[in-house]
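Okay, data_19.txt is below, compact mmCIF, C-alpha atoms:
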# COMPACT_ATOMS: atom_id res chain seq x y z
CA MET A 1 -6.87 -12.51 4.88
CA THR A 2 -6.23 -11.69 1.22
CA SER A 3 -8.63 -10.15 -1.23
CA ARG A 4 -10.59 -12.61 -3.36
CA ARG A 5 -10.42 -10.42 -6.43
CA THR A 6 -7.76 -11.03 -9.04
CA ASP A 7 -8.61 -8.02 -11.21
CA SER A 8 -8.23 -5.36 -8.52
CA PRO A 9 -6.60 -2.02 -9.45
CA TYR A 10 -3.81 -2.40 -6.87
CA ARG A 11 -1.47 -5.38 -6.64
CA ASP A 12 -0.64 -4.67 -2.99
CA ARG A 13 -0.11 -1.80 -0.57
CA ALA A 14 3.38 -1.06 -1.86
CA GLN A 15 2.13 -0.55 -5.41
CA ALA A 16 -0.71 1.63 -4.11
CA GLY A 17 1.85 3.74 -2.26
CA GLU A 18 3.92 4.16 -5.40
CA GLU A 19 0.86 5.43 -7.28
CA LEU A 20 0.01 7.88 -4.51
CA ALA A 21 3.61 9.09 -4.47
CA ARG A 22 3.29 10.06 -8.12
CA ALA A 23 0.12 12.02 -7.33
CA LEU A 24 1.98 13.78 -4.50
CA ALA A 25 5.19 14.41 -6.45
CA GLY A 26 4.83 18.17 -6.08
CA TYR A 27 5.71 17.84 -2.40
CA GLY A 28 8.95 15.99 -3.11
CA GLY A 29 12.12 17.29 -1.50
CA ARG A 30 10.42 19.79 0.79
CA SER A 31 12.07 20.25 4.19
CA ASP A 32 8.76 20.95 5.94
CA LEU A 33 7.06 17.65 5.10
CA SER A 34 6.01 14.85 7.47
CA ILE A 35 4.43 11.57 6.35
CA LEU A 36 2.10 10.12 9.00
CA ALA A 37 0.78 6.59 8.56
CA LEU A 38 -2.28 5.12 10.23
CA PRO A 39 -1.22 1.68 11.53
CA ARG A 40 -1.20 -0.92 10.61
CA GLY A 41 -2.28 -1.08 6.98
CA GLY A 42 -1.36 2.50 6.16
CA VAL A 43 2.31 1.99 7.01
CA PRO A 44 3.40 0.00 3.90
CA VAL A 45 1.57 2.57 1.73
CA ALA A 46 3.15 5.52 3.52
CA PHE A 47 6.63 3.96 3.41
CA GLU A 48 6.63 4.14 -0.39
CA ILE A 49 5.42 7.76 -0.31
CA ALA A 50 8.09 8.77 2.21
CA ARG A 51 10.78 7.05 0.16
CA ALA A 52 9.71 8.71 -3.10
CA LEU A 53 9.30 12.18 -1.59
CA HIS A 54 12.46 11.95 0.57
CA ALA A 55 10.42 12.76 3.67
CA PRO A 56 10.44 11.44 7.26
CA LEU A 57 7.90 8.77 8.20
CA ASP A 58 6.07 8.26 11.48
CA VAL A 59 2.96 6.49 12.70
CA TYR A 60 -0.12 8.44 13.73
CA LEU A 61 -2.02 6.30 16.17
CA VAL A 62 -5.78 5.98 15.88
CA ARG A 63 -7.99 3.13 17.09
CA LYS A 64 -11.41 2.21 15.78
CA LEU A 65 -14.31 1.75 18.21
CA GLY A 66 -16.27 -1.32 17.18
CA ALA A 67 -20.01 -1.81 17.54
CA PRO A 68 -21.39 -4.35 20.05
CA GLY A 69 -21.28 -7.80 18.49
CA GLU A 70 -19.89 -6.40 15.24
CA GLU A 71 -16.35 -5.24 15.95
CA GLU A 72 -15.55 -4.43 12.31
CA LEU A 73 -18.36 -1.84 12.17
CA ALA A 74 -16.89 1.45 13.39
CA ILE A 75 -19.04 3.54 15.67
CA GLY A 76 -16.16 5.97 16.07
CA ALA A 77 -12.46 6.18 16.88
CA VAL A 78 -9.96 7.48 19.40
CA ALA A 79 -6.63 9.15 18.60
CA SER A 80 -3.56 10.62 20.22
CA GLY A 81 -4.26 13.65 22.37
CA GLY A 82 -7.42 12.22 23.91
CA VAL A 83 -9.57 12.86 20.83
CA ARG A 84 -12.71 10.74 20.40
CA VAL A 85 -14.89 10.94 17.30
CA LEU A 86 -18.26 9.16 17.16
CA ASN A 87 -20.41 8.32 14.17
CA ALA A 88 -23.62 9.71 15.63
CA ASP A 89 -25.85 8.17 12.94
CA ILE A 90 -24.56 4.62 13.54
CA VAL A 91 -24.63 5.04 17.34
CA ARG A 92 -28.26 6.19 17.13
CA GLN A 93 -29.35 3.51 14.64
CA LEU A 94 -27.85 0.70 16.72
CA GLY A 95 -28.83 2.19 20.06
CA VAL A 96 -25.30 1.79 21.40
CA PRO A 97 -25.30 2.62 25.13
CA GLU A 98 -22.83 5.14 26.56
CA GLU A 99 -21.50 2.44 28.90
CA TRP A 100 -20.35 0.40 25.88
CA ILE A 101 -18.76 3.43 24.25
CA ALA A 102 -16.87 4.28 27.45
CA SER A 103 -15.70 0.69 27.92
CA VAL A 104 -14.48 0.17 24.36
CA SER A 105 -12.83 3.61 24.42
CA ARG A 106 -10.79 2.67 27.50
CA ARG A 107 -9.73 -0.59 25.88
CA GLU A 108 -8.67 1.02 22.63
CA ILE A 109 -6.79 3.86 24.37
CA SER A 110 -4.82 1.19 26.26
CA GLU A 111 -3.99 -0.53 22.96
CA LEU A 112 -3.06 2.83 21.44
CA ASP A 113 -0.57 3.43 24.25
CA ARG A 114 0.89 -0.08 23.82
CA ARG A 115 1.43 0.42 20.12
CA GLN A 116 3.00 3.82 20.65
CA ARG A 117 5.65 2.28 22.91
CA LEU A 118 6.18 -0.64 20.54
CA TYR A 119 6.38 1.21 17.23
CA ARG A 120 8.48 4.18 18.31
CA GLN A 121 11.00 2.23 20.43
CA GLY A 122 11.71 5.27 22.58
CA ARG A 123 11.76 7.74 19.70
CA GLY A 124 9.63 10.85 20.00
CA PRO A 125 6.95 11.69 17.44
CA LEU A 126 7.77 13.75 14.37
CA GLU A 127 7.36 17.50 14.70
CA VAL A 128 4.30 18.63 12.76
CA ALA A 129 3.62 22.16 14.00
CA GLY A 130 3.95 24.55 11.07
CA ARG A 131 4.72 21.68 8.70
CA ILE A 132 2.82 19.92 5.91
CA ALA A 133 1.44 16.66 7.28
CA ILE A 134 0.36 13.92 4.88
CA LEU A 135 -1.95 11.41 6.59
CA VAL A 136 -1.93 8.02 4.86
CA ASP A 137 -4.06 4.88 5.12
CA ASP A 138 -4.63 1.92 2.80
CA GLY A 139 -8.26 2.91 2.16
CA LEU A 140 -11.38 4.40 3.73
CA ALA A 141 -14.69 2.70 4.38
CA THR A 142 -16.58 4.68 7.04
CA GLY A 143 -13.61 7.02 7.54
CA ALA A 144 -14.01 7.04 11.35
CA THR A 145 -10.32 6.55 12.08
CA MET A 146 -9.27 9.19 9.57
CA LYS A 147 -11.75 11.70 11.00
CA ALA A 148 -10.27 11.14 14.46
CA ALA A 149 -6.76 11.50 13.08
CA ILE A 150 -7.59 14.82 11.39
CA ALA A 151 -9.28 16.17 14.54
CA SER A 152 -6.32 15.13 16.68
CA LEU A 153 -3.73 16.44 14.24
CA ARG A 154 -5.43 19.86 14.03
CA GLN A 155 -4.55 20.35 17.69
CA LEU A 156 -0.85 20.20 16.78
CA GLN A 157 -1.26 23.12 14.34
CA PRO A 158 0.31 21.84 11.11
CA ALA A 159 0.51 24.28 8.22
CA GLU A 160 -1.52 21.91 6.01
CA ILE A 161 -3.19 18.52 6.38
CA VAL A 162 -3.17 16.35 3.27
CA VAL A 163 -5.05 13.05 3.35
CA ALA A 164 -3.79 10.48 0.83
CA VAL A 165 -5.45 7.09 0.37
CA PRO A 166 -5.56 4.68 -2.58
CA VAL A 167 -9.32 4.05 -2.43
CA ALA A 168 -12.36 5.31 -0.54
CA ALA A 169 -16.12 4.95 -0.54
CA ARG A 170 -17.48 7.92 -2.47
CA SER A 171 -19.59 9.31 0.37
CA THR A 172 -16.68 8.98 2.79
CA ALA A 173 -14.36 10.68 0.32
CA ARG A 174 -16.65 13.72 0.28
CA GLU A 175 -16.67 13.88 4.08
CA ILE A 176 -12.88 13.58 4.42
CA ALA A 177 -12.25 16.10 1.62
CA ALA A 178 -14.30 18.63 3.60
CA LEU A 179 -12.17 18.10 6.72
CA ALA A 180 -8.68 18.03 5.16
CA ASP A 181 -6.89 20.87 3.41
CA ARG A 182 -6.26 18.55 0.46
CA PHE A 183 -7.58 15.09 -0.34
CA VAL A 184 -5.79 12.74 -2.75
CA CYS A 185 -7.60 9.52 -3.67
CA PRO A 186 -7.32 7.99 -7.16
CA LEU A 187 -10.25 5.57 -6.69
CA GLN A 188 -13.66 6.62 -5.36
CA PRO A 189 -15.97 3.83 -6.58
CA GLU A 190 -19.73 3.95 -6.26
CA GLY A 191 -20.02 0.23 -5.50
CA PHE A 192 -17.67 0.18 -2.52
CA ARG A 193 -18.00 -2.63 0.03
CA ALA A 194 -14.58 -3.17 1.62
CA VAL A 195 -11.05 -1.80 1.23
CA GLY A 196 -9.54 -5.24 0.64
CA GLU A 197 -11.60 -5.80 -2.50
CA TRP A 198 -9.47 -3.21 -4.30
CA TYR A 199 -6.24 -5.12 -3.78
CA VAL A 200 -5.10 -8.43 -5.23
CA GLU A 201 -2.99 -9.08 -2.13
CA PHE A 202 -4.32 -7.69 1.15
CA PRO A 203 -2.73 -9.53 4.10
CA GLN A 204 -2.83 -8.12 7.61
CA THR A 205 0.18 -5.97 8.45
CA SER A 206 1.89 -7.19 11.63
CA ASP A 207 3.38 -5.13 14.44
CA GLU A 208 6.79 -6.45 13.43
CA GLU A 209 6.33 -5.19 9.88
CA VAL A 210 5.29 -1.76 11.16
CA THR A 211 8.39 -1.40 13.33
CA ASP A 212 10.56 -2.61 10.44
CA PHE A 213 9.14 0.00 8.05
CA ILE A 214 9.63 2.78 10.61
CA ASP A 215 13.19 1.64 11.38
CA ARG A 216 14.11 1.43 7.70
CA SER A 217 12.71 4.86 7.03
CA SER A 218 14.49 6.44 10.01
CA ARG A 219 17.81 4.91 8.95
CA ARG A 220 17.37 6.35 5.47
Could you rewrite the structure in this file as structure tokens?
Amino acid sequence: MTSRRTDSPYRDRAQAGEELARALAGYGGRSDLSILALPRGGVPVAFEIARALHAPLDVYLVRKLGAPGEEELAIGAVASGGVRVLNADIVRQLGVPEEWIASVSRREISELDRRQRLYRQGRGPLEVAGRIAILVDDGLATGATMKAAIASLRQLQPAEIVVAVPVAARSTAREIAALADRFVCPLQPEGFRAVGEWYVEFPQTSDEEVTDFIDRSSRR
């Protein structure tokens, strides 16, 4: 699905990545830098950042936990390392039972494992211990997946966690900024409804595109 807006600030994910790369230019050329993209939509954004900063690119796998009957509404997320983050307010408001949370968690962990095998093609993950890790997505609505990614990544003891996204809901931006060591987000609109509204072109990113971006970056 593409965005219906034609006056959006970003043409597409690639252009958003180029703009973020300019904001992150101070990290360019460092030997202790790792760019970690949240699949799928974060990968085209992160590819442009990695290319501009001459840094290695990898995926950082996080899966959203959808609410019963409303899969797009995140009640939390799971990430590598067995980390699960729940949005307690939404869980309480909707009365989501623990049985549902456990079931959807198992399903999403299985999908996380599948994607890890598919995207990495036998390659190991990038080393992040003692390094600067830049976590990238194409935007933040509730921020559940990014919160899980930060919590999981902390366990690997990077020197610094930088979160870089093109657009985020203002309340979510405040929450993520408090969790990360640095937060870079050019657009934090008050009237935020969906990430896709801030792009002219916002198609789904396929698994094939993700593997292609990672392969191209590793060859470079």
Contact residues around A:Gly42 with all atoms listed in the file at 9 Å, ignoring same-chain residues under 4 positions, as an MDAnalysis selection string:
chainID A and resid 13 36:38 46:47 59 135:139 165 205
May I have the residues within 10 Å of A:Ala169 as an MDAnalysis selection string, using only C-alpha atoms and disregarding those fewer than 4 positions away in the same chain?
chainID A and resid 139:143 173:174 187:195
Of the candidates A:Pro186, A:Pro203, A:Pro39, A:Gly29, which shows the shortest atom-to-atom distance to A:Ala52, using all atoms listed in the file?
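Of all the options, A:Gly29 lies closest to A:Ala52.
One distance worth recording is that between atom CA of A:Ala50 and atom CA of A:Ile35, which is 6.2 Å.
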Proximity of stretch 9-72 of chain A to stretch 103-119 of chain A: per-residue shortest pair, 8 Å limit, all atoms listed in the file, as CSV:
residue,atom,partner,partner_atom,distance
A:Val59,CA,A:Tyr119,CA,7.8
A:Leu61,CA,A:Leu112,CA,6.4
A:Val62,CA,A:Leu112,CA,6.9
A:Arg63,CA,A:Glu108,CA,6.0
A:Lys64,CA,A:Glu108,CA,7.5
A:Leu65,CA,A:Val104,CA,6.4
A:Gly66,CA,A:Val104,CA,7.5
Which residue is closest to A:Gly69? Choose from A:Leu57, A:Val43, A:Val85, A:Val96 and count only C-alpha atoms.
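Distance minimum relative to A:Gly69 lands on A:Val96.
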Please indicate the distance in Å from atom CA of A:Asp58 to atom CA of A:Glu201, rounded to one decimal place.
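These atoms are spaced 23.8 Å apart.
The residue set within 7 Å of A:Ala149, counting all atoms listed in the file and dropping same-chain residues fewer than 3 places from it, reads Val62, Ala79, Thr145, Met146, Ser152 and Leu153 of chain A.
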Residue neighbourhood A:Leu33, 8 Å, only C-alpha atoms, exclusion window fewer than 2 positions, as a CSV table (one decimal) with C-alpha atoms, in the frame of the given file:
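After the write, around31.csv holds the following:
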chain,number,residue,atom,x,y,z
A,27,TYR,CA,5.7,17.8,-2.4
A,30,ARG,CA,10.4,19.8,0.8
A,31,SER,CA,12.1,20.2,4.2
A,35,ILE,CA,4.4,11.6,6.4
A,55,ALA,CA,10.4,12.8,3.7
A,56,PRO,CA,10.4,11.4,7.3
A,131,ARG,CA,4.7,21.7,8.7
A,132,ILE,CA,2.8,19.9,5.9
A,133,ALA,CA,1.4,16.7,7.3
A,134,ILE,CA,0.4,13.9,4.9
